[in-house]
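Text of upload_30.pdb (PDB, C-alpha atoms) as supplied:
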```pdb
ATOM      1  CA  MET J   1      10.215  29.968  17.585
ATOM      2  CA  LEU J   2      11.044  32.185  20.556
ATOM      3  CA  ALA J   3      11.965  29.158  22.670
ATOM      4  CA  CYS J   4      14.294  28.048  19.895
ATOM      5  CA  TYR J   5      15.839  31.534  19.805
ATOM      6  CA  GLN J   6      16.393  31.475  23.561
ATOM      7  CA  ARG J   7      17.955  28.004  23.381
ATOM      8  CA  LEU J   8      20.271  28.741  20.458
ATOM      9  CA  GLN J   9      21.113  32.408  20.870
ATOM     10  CA  THR J  10      24.367  31.923  22.789
ATOM     11  CA  PRO J  11      25.888  29.083  20.717
ATOM     12  CA  LEU J  12      24.681  30.630  17.462
ATOM     13  CA  PHE J  13      26.032  34.041  18.419
ATOM     14  CA  ASN J  14      29.424  32.471  19.206
ATOM     15  CA  VAL J  15      29.565  30.706  15.839
ATOM     16  CA  LEU J  16      28.505  33.799  13.924
ATOM     17  CA  TYR J  17      30.881  36.038  15.847
ATOM     18  CA  ARG J  18      33.817  33.913  14.621
ATOM     19  CA  TRP J  19      32.646  34.617  11.070
ATOM     20  CA  LEU J  20      31.630  38.262  11.268
ATOM     21  CA  TRP J  21      33.638  39.601  14.251
ATOM     22  CA  HIS J  22      31.001  42.203  14.868
ATOM     23  CA  THR J  23      28.326  42.027  17.575
ATOM     24  CA  GLN J  24      25.660  44.097  15.827
ATOM     25  CA  ASP J  25      26.067  42.197  12.557
ATOM     26  CA  CYS J  26      25.733  38.884  14.427
ATOM     27  CA  GLU J  27      22.540  40.068  16.081
ATOM     28  CA  ASP J  28      21.136  41.244  12.751
ATOM     29  CA  VAL J  29      21.962  37.942  11.070
ATOM     30  CA  MET J  30      20.336  35.947  13.878
ATOM     31  CA  HIS J  31      17.242  38.142  13.733
ATOM     32  CA  ASP J  32      16.961  37.857   9.933
ATOM     33  CA  ALA J  33      17.527  34.093  10.024
ATOM     34  CA  TYR J  34      14.652  33.575  12.445
ATOM     35  CA  LEU J  35      12.361  35.837  10.411
ATOM     36  CA  ARG J  36      13.153  33.882   7.253
ATOM     37  CA  ILE J  37      12.399  30.641   9.010
ATOM     38  CA  TRP J  38       9.176  32.106  10.389
ATOM     39  CA  ASP J  39       8.105  32.970   6.841
ATOM     40  CA  GLN J  40       8.614  29.338   5.787
ATOM     41  CA  ARG J  41       7.105  27.819   8.932
ATOM     42  CA  GLN J  42       4.428  25.841   7.018
ATOM     43  CA  ARG J  43       7.086  23.852   5.161
ATOM     44  CA  ILE J  44       9.513  23.250   8.010
ATOM     45  CA  ASP J  45      10.203  19.918   9.665
ATOM     46  CA  ALA J  46      10.258  20.799  13.387
ATOM     47  CA  THR J  47      12.786  18.040  14.122
ATOM     48  CA  LYS J  48      15.320  19.783  11.852
ATOM     49  CA  LEU J  49      14.657  23.311  13.118
ATOM     50  CA  ASP J  50      18.002  23.769  14.892
ATOM     51  CA  ALA J  51      20.007  22.662  11.858
ATOM     52  CA  LEU J  52      17.913  24.959   9.662
ATOM     53  CA  VAL J  53      18.600  27.906  11.965
ATOM     54  CA  TYR J  54      22.350  27.308  11.755
ATOM     55  CA  THR J  55      22.287  26.783   7.974
ATOM     56  CA  THR J  56      20.206  29.911   7.360
ATOM     57  CA  ALA J  57      22.274  32.056   9.710
ATOM     58  CA  LEU J  58      25.572  30.847   8.226
ATOM     59  CA  ASN J  59      24.314  31.560   4.697
ATOM     60  CA  LEU J  60      23.255  35.051   5.726
ATOM     61  CA  ALA J  61      26.642  35.591   7.381
ATOM     62  CA  LYS J  62      28.355  34.580   4.141
ATOM     63  CA  ASN J  63      26.171  37.038   2.223
ATOM     64  CA  LYS J  64      27.099  39.755   4.695
ATOM     65  CA  LEU J  65      30.801  39.018   4.237
ATOM     66  CA  ARG J  66      30.362  39.133   0.461
ATOM     67  CA  TRP J  67      28.555  42.468   0.822
ATOM     68  CA  ARG J  68      31.389  43.767   3.029
ATOM     69  CA  SER J  69      33.999  42.758   0.469
ATOM     70  CA  LEU J  70      32.070  44.653  -2.214
ATOM     71  CA  TRP J  71      31.548  47.762  -0.084
ATOM     72  CA  ARG J  72      34.824  48.012   1.765
ATOM     73  CA  PHE J  73      34.308  51.659   2.639
ATOM     74  CA  GLY J  74      31.187  50.727   4.609
ATOM     75  CA  VAL J  75      32.987  48.439   7.067
ATOM     76  CA  ARG J  76      33.542  49.932  10.485
ATOM     77  CA  ASP J  77      36.847  49.725  12.256
ATOM     78  CA  GLU J  78      36.474  46.582  14.365
ATOM     79  CA  GLU J  79      39.506  47.260  16.494
ATOM     80  CA  ALA J  80      38.018  50.550  17.609
ATOM     81  CA  SER J  81      34.587  49.127  18.266
ATOM     82  CA  ASP J  82      33.264  47.662  21.469
ATOM     83  CA  ASP J  83      33.642  44.181  20.036
ATOM     84  CA  ALA J  84      37.371  44.326  20.576
ATOM     85  CA  ARG J  85      36.671  44.154  24.302
ATOM     86  CA  LEU J  86      34.994  40.777  24.024
ATOM     87  CA  ASP J  87      38.299  38.986  23.400
ATOM     88  CA  GLY J  88      41.887  39.906  23.957
ATOM     89  CA  VAL J  89      42.761  41.887  20.840
ATOM     90  CA  GLN J  90      45.875  39.841  20.093
ATOM     91  CA  ASP J  91      44.123  36.517  20.581
ATOM     92  CA  ARG J  92      41.265  37.667  18.455
ATOM     93  CA  LYS J  93      43.559  38.751  15.616
ATOM     94  CA  ARG J  94      45.416  35.461  15.757
ATOM     95  CA  LEU J  95      42.257  33.377  15.816
ATOM     96  CA  LYS J  96      40.694  35.430  13.059
ATOM     97  CA  SER J  97      43.568  34.964  10.664
ATOM     98  CA  ALA J  98      43.877  31.258  11.585
ATOM     99  CA  LEU J  99      40.161  30.686  10.927
ATOM    100  CA  GLU J 100      40.347  32.601   7.674
ATOM    101  CA  ALA J 101      43.002  30.161   6.496
ATOM    102  CA  LEU J 102      40.472  27.300   6.714
ATOM    103  CA  ASP J 103      38.021  26.453   3.938
ATOM    104  CA  THR J 104      34.317  27.120   4.641
ATOM    105  CA  ASP J 105      33.363  23.541   5.614
ATOM    106  CA  SER J 106      36.395  23.097   7.889
ATOM    107  CA  ARG J 107      35.712  26.446   9.527
ATOM    108  CA  ASN J 108      32.064  25.556  10.136
ATOM    109  CA  LEU J 109      33.110  22.133  11.424
ATOM    110  CA  VAL J 110      35.476  23.685  13.967
ATOM    111  CA  LEU J 111      33.045  26.419  15.004
ATOM    112  CA  LEU J 112      30.018  24.166  15.342
ATOM    113  CA  SER J 113      31.911  21.676  17.466
ATOM    114  CA  GLU J 114      33.952  24.161  19.541
ATOM    115  CA  CYS J 115      31.489  27.058  19.909
ATOM    116  CA  ALA J 116      28.075  25.437  19.527
ATOM    117  CA  GLY J 117      28.965  22.129  21.165
ATOM    118  CA  PHE J 118      27.715  19.947  18.278
ATOM    119  CA  THR J 119      28.223  16.235  18.892
ATOM    120  CA  THR J 120      29.548  13.974  16.141
ATOM    121  CA  ASP J 121      26.002  12.766  15.410
ATOM    122  CA  GLU J 122      24.772  16.345  15.083
ATOM    123  CA  LEU J 123      27.673  17.182  12.781
ATOM    124  CA  VAL J 124      26.871  14.094  10.664
ATOM    125  CA  ALA J 125      23.239  15.253  10.387
ATOM    126  CA  PHE J 126      24.271  18.846   9.655
ATOM    127  CA  PHE J 127      26.866  18.174   6.953
ATOM    128  CA  GLY J 128      25.367  14.944   5.593
ATOM    129  CA  TRP J 129      28.746  13.235   5.648
ATOM    130  CA  PRO J 130      29.484   9.779   7.134
ATOM    131  CA  ALA J 131      30.687   9.746  10.743
ATOM    132  CA  GLY J 132      34.205   8.701   9.697
ATOM    133  CA  THR J 133      34.469  11.624   7.288
ATOM    134  CA  VAL J 134      33.270  14.054   9.951
ATOM    135  CA  ALA J 135      35.819  12.735  12.471
ATOM    136  CA  SER J 136      38.740  12.843  10.046
ATOM    137  CA  ARG J 137      37.851  16.252   8.641
ATOM    138  CA  LYS J 138      37.398  17.674  12.126
ATOM    139  CA  HIS J 139      40.746  16.272  13.213
ATOM    140  CA  ARG J 140      42.423  17.713  10.114
ATOM    141  CA  ALA J 141      40.731  21.103  10.530
ATOM    142  CA  LEU J 142      41.749  21.383  14.200
ATOM    143  CA  ALA J 143      45.335  20.408  13.328
ATOM    144  CA  GLN J 144      45.353  23.032  10.578
ATOM    145  CA  LEU J 145      43.984  25.625  12.982
ATOM    146  CA  ARG J 146      46.582  24.801  15.649
ATOM    147  CA  ALA J 147      49.346  25.064  13.060
ATOM    148  CA  ALA J 148      48.033  28.432  11.862
ATOM    149  CA  LEU J 149      47.827  29.678  15.463
ATOM    150  CA  ARG J 150      51.418  28.584  16.144
ATOM    151  CA  GLU J 151      52.445  30.356  12.946
ATOM    152  CA  GLY J 152      50.702  33.485  14.177
ATOM    153  CA  GLU J 153      52.552  33.421  17.503
ATOM    154  CA  ARG J 154      55.921  33.700  15.787
TER     155      ARG J 154
ATOM    156  CA  MET Y   1      41.923  25.819  22.031
ATOM    157  CA  SER Y   2      39.067  26.330  24.520
ATOM    158  CA  GLU Y   3      40.458  29.664  25.803
ATOM    159  CA  LEU Y   4      40.417  30.969  22.222
ATOM    160  CA  PHE Y   5      36.816  29.912  21.808
ATOM    161  CA  ARG Y   6      35.739  31.493  25.053
ATOM    162  CA  GLN Y   7      31.944  31.603  25.350
ATOM    163  CA  LEU Y   8      30.685  35.122  24.578
ATOM    164  CA  GLU Y   9      27.309  36.320  25.776
ATOM    165  CA  PRO Y  10      25.084  37.816  23.091
ATOM    166  CA  PRO Y  11      23.907  41.343  23.876
ATOM    167  CA  PRO Y  12      20.502  41.503  25.581
ATOM    168  CA  GLY Y  13      17.388  42.596  23.730
ATOM    169  CA  GLY Y  14      17.563  40.187  20.805
ATOM    170  CA  LEU Y  15      14.620  38.138  21.997
ATOM    171  CA  ARG Y  16      12.445  41.234  22.535
ATOM    172  CA  ARG Y  17      13.369  42.525  19.095
ATOM    173  CA  LEU Y  18      12.438  39.196  17.496
ATOM    174  CA  GLN Y  19       9.207  39.023  19.504
ATOM    175  CA  SER Y  20       8.065  42.446  18.301
ATOM    176  CA  ALA Y  21       9.049  41.656  14.695
ATOM    177  CA  LEU Y  22       7.051  38.419  14.815
ATOM    178  CA  ASP Y  23       4.046  40.227  16.348
ATOM    179  CA  HIS Y  24       4.235  42.794  13.559
ATOM    180  CA  ARG Y  25       4.354  40.012  10.938
ATOM    181  CA  ARG Y  26       1.401  38.210  12.499
ATOM    182  CA  VAL Y  27      -0.731  41.370  12.260
ATOM    183  CA  ARG Y  28       0.463  42.010   8.723
ATOM    184  CA  SER Y  29      -0.321  38.464   7.628
ATOM    185  CA  THR Y  30      -3.889  38.473   9.051
ATOM    186  CA  ARG Y  31      -4.902  41.778   7.408
ATOM    187  CA  PRO Y  32      -4.848  40.555   3.774
ATOM    188  CA  ARG Y  33      -6.649  37.354   4.802
ATOM    189  CA  LEU Y  34      -9.379  39.358   6.491
ATOM    190  CA  ALA Y  35      -9.731  41.616   3.450
ATOM    191  CA  LEU Y  36      -9.928  38.577   1.166
ATOM    192  CA  ALA Y  37     -12.591  36.950   3.362
ATOM    193  CA  CYS Y  38     -14.656  40.175   3.317
ATOM    194  CA  ALA Y  39     -14.339  40.455  -0.466
ATOM    195  CA  ILE Y  40     -15.467  36.833  -0.933
ATOM    196  CA  ALA Y  41     -18.439  37.373   1.420
ATOM    197  CA  VAL Y  42     -19.508  40.470  -0.516
ATOM    198  CA  LEU Y  43     -19.193  38.619  -3.841
ATOM    199  CA  LEU Y  44     -21.254  35.695  -2.526
ATOM    200  CA  ALA Y  45     -23.945  38.085  -1.313
ATOM    201  CA  LEU Y  46     -24.039  39.923  -4.643
ATOM    202  CA  LEU Y  47     -24.005  36.798  -6.818
ATOM    203  CA  PRO Y  48     -27.761  35.936  -6.628
ATOM    204  CA  ILE Y  49     -28.702  39.583  -7.270
ATOM    205  CA  TRP Y  50     -26.445  39.693 -10.295
ATOM    206  CA  GLN Y  51     -27.774  36.358 -11.567
ATOM    207  CA  ARG Y  52     -31.363  37.632 -11.364
ATOM    208  CA  TRP Y  53     -30.449  40.908 -13.061
ATOM    209  CA  HIS Y  54     -28.489  39.067 -15.796
ATOM    210  CA  ALA Y  55     -31.343  36.619 -16.528
ATOM    211  CA  ARG Y  56     -33.767  39.528 -16.787
ATOM    212  CA  ALA Y  57     -31.428  41.448 -19.075
ATOM    213  CA  VAL Y  58     -30.994  38.432 -21.379
ATOM    214  CA  LEU Y  59     -34.760  37.912 -21.544
ATOM    215  CA  ASP Y  60     -35.347  41.623 -22.269
ATOM    216  CA  ALA Y  61     -32.780  41.540 -25.043
ATOM    217  CA  ARG Y  62     -34.298  38.452 -26.623
ATOM    218  CA  PHE Y  63     -37.793  39.907 -26.365
ATOM    219  CA  SER Y  64     -36.707  43.209 -27.897
ATOM    220  CA  ALA Y  65     -34.975  41.402 -30.735
ATOM    221  CA  ALA Y  66     -37.990  39.191 -31.395
ATOM    222  CA  LEU Y  67     -40.334  42.186 -31.269
ATOM    223  CA  ALA Y  68     -38.180  44.167 -33.657
ATOM    224  CA  HIS Y  69     -38.100  41.243 -36.055
ATOM    225  CA  ALA Y  70     -41.880  40.786 -35.827
ATOM    226  CA  ASN Y  71     -42.432  44.505 -36.532
ATOM    227  CA  ARG Y  72     -40.025  44.504 -39.461
ATOM    228  CA  SER Y  73     -41.287  41.452 -41.346
ATOM    229  CA  GLU Y  74     -44.731  40.529 -42.411
ATOM    230  CA  PRO Y  75     -45.684  38.212 -39.595
ATOM    231  CA  ALA Y  76     -48.058  35.362 -39.979
ATOM    232  CA  ILE Y  77     -50.955  36.014 -37.634
ATOM    233  CA  ILE Y  78     -52.927  33.218 -36.122
ATOM    234  CA  VAL Y  79     -56.015  34.198 -34.233
ATOM    235  CA  GLU Y  80     -56.508  32.333 -31.013
ATOM    236  CA  ASN Y  81     -59.373  33.033 -28.611
ATOM    237  CA  GLY Y  82     -59.622  36.654 -29.617
ATOM    238  CA  ALA Y  83     -55.862  37.323 -29.474
ATOM    239  CA  ALA Y  84     -53.636  37.601 -32.498
ATOM    240  CA  LEU Y  85     -50.413  35.621 -32.223
ATOM    241  CA  LEU Y  86     -47.473  36.991 -34.137
ATOM    242  CA  VAL Y  87     -45.183  34.248 -35.302
ATOM    243  CA  ALA Y  88     -41.684  35.293 -34.316
ATOM    244  CA  ASP Y  89     -38.325  33.674 -35.182
ATOM    245  CA  GLU Y  90     -37.584  33.028 -31.549
ATOM    246  CA  PRO Y  91     -39.359  29.768 -30.645
ATOM    247  CA  ASN Y  92     -39.407  30.520 -26.915
ATOM    248  CA  ILE Y  93     -41.111  33.866 -27.253
ATOM    249  CA  ARG Y  94     -44.722  34.415 -28.193
ATOM    250  CA  ILE Y  95     -46.074  37.871 -28.926
ATOM    251  CA  TYR Y  96     -49.800  38.524 -28.846
ATOM    252  CA  TRP Y  97     -51.765  41.527 -29.985
ATOM    253  CA  VAL Y  98     -54.673  41.746 -27.682
ATOM    254  CA  ALA Y  99     -57.556  44.098 -28.370
ATOM    255  CA  THR Y 100     -60.800  44.608 -26.558
ATOM    256  CA  GLU Y 101     -63.881  46.241 -27.883
ATOM    257  CA  PRO Y 102     -64.701  49.528 -26.278
ATOM    258  CA  ALA Y 103     -67.569  49.337 -23.831
ATOM    259  CA  GLU Y 104     -70.753  50.905 -25.071
TER     260      GLU Y 104
END
```
Write the structure described by the file as structure tokens, please.
Amino acid sequence: MLACYQRLQTPLFNVLYRWLWHTQDCEDVMHDAYLRIWDQRQRIDATKLDALVYTTALNLAKNKLRWRSLWRFGVRDEEASDDARLDGVQDRKRLKSALEALDTDSRNLVLLSECAGFTTDELVAFFGWPAGTVASRKHRALAQLRAALREGER
Amino acid sequence: MSELFRQLEPPPGGLRRLQSALDHRRVRSTRPRLALACAIAVLLALLPIWQRWHARAVLDARFSAALAHANRSEPAIIVENGAALLVADEPNIRIYWVATEPAE
């Protein structure tokens, strides 16, 4: 479990950060995801552990976003936090709004391939779609993202 | 695209935090198992004692009931080898009146 954490912490953190945009929240989600998986360790297929980690963490991130939208007053000012130093603030704003324009699957497709380095085969296994569908949806999502980024520059 | 998805390093300490949480869970998950094992061992040790006590209690109850019945009704008395056998309702219980003559 700890070896898996060490192996996935950087790519997983990068994927989660592009959902949550908050370092501490990303860390909490990763921590909770691994604890959940630990609790179910008797029923887990070790060959699918990595995919399970990503699925669990992404579901927890979605829950956190839902919680944030319900409790708006509880959300800290991200621009003022240390996280703003991780990226250029302008780039981050642009990327954030461009990613938010994508639907959930397209966003995960882009993030898993660009931030976590998923190959096409890994994406096929993760989403359960045929390879052709993965390729076309990835192409479409990247085109959509580029268009949104260009829009943001203007 | 790649400069926008620049690789960010997660803050240190995550692994240590997970390690201590898992250690805590391991301890927590063995405690109830240990308590359950102890409880089962105690029950297994007490079972034969209880069985003996229960069998004795059942026999006492049946004997008391048979004796009460024999005292209440007019029992048929069969004399066998100097002992009087009271005929009780309970077929598995025999009640004898035994008397000896006082020594001269």
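Here is the contact set of chain Y against chain J, at 10 Å and counting all atoms listed in the file: Met1, Ser2, Glu3, Leu4, Phe5, Arg6, Gln7, Leu8, Glu9, Pro10, Pro11, Pro12, Gly13, Gly14, Leu15, Arg16, Arg17, Leu18, Gln19, Ala21, Leu22 and Arg25 of chain Y.
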Q. So what do you get for atom CA of J:Arg41 versus atom CA of J:Leu8, distance-wise?
A. 17.5 Å
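What separates atom CA of J:Arg137 from atom CA of J:Asn59 is a distance of 20.8 Å.
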Q. List as a VMD selection string: which residues have an atom within 12 Å of (26.4, 17.4, 15.4), counting all atoms listed in the file?
A. chain J and resid 48 50 to 51 54 108 to 131 134 to 135 138
As a compact mmCIF listing (two decimals) with C-alpha atoms, keeping the file's coordinate frame, please: the residues near J:Gln40 (cut-off 12 Å, only C-alpha atoms, same-chain neighbours under 3 positions excluded).
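Below is the file selection.txt, written as the result:
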```txt
# COMPACT_ATOMS: atom_id res chain seq x y z
CA MET J 1 10.22 29.97 17.58
CA ALA J 33 17.53 34.09 10.02
CA TYR J 34 14.65 33.58 12.44
CA LEU J 35 12.36 35.84 10.41
CA ARG J 36 13.15 33.88 7.25
CA ILE J 37 12.40 30.64 9.01
CA ARG J 43 7.09 23.85 5.16
CA ILE J 44 9.51 23.25 8.01
CA ASP J 45 10.20 19.92 9.66
CA ALA J 46 10.26 20.80 13.39
CA LEU J 49 14.66 23.31 13.12
CA LEU J 52 17.91 24.96 9.66
CA VAL J 53 18.60 27.91 11.96
CA THR J 56 20.21 29.91 7.36
```
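Atom CA of J:Arg66 is found 13.2 Å from atom CA of J:Asp25.
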Taking all atoms of stretch 8-26 of chain J that the file lists, what box with edges along x, y and z, padded by 4 Å per side, do you get, with centre and edge lengths in Å to one decimal, as lines of an AutoDock Vina configuration file?
```
center_x = 27.0
center_y = 36.4
center_z = 16.9
size_x = 21.5
size_y = 23.4
size_z = 19.7
```
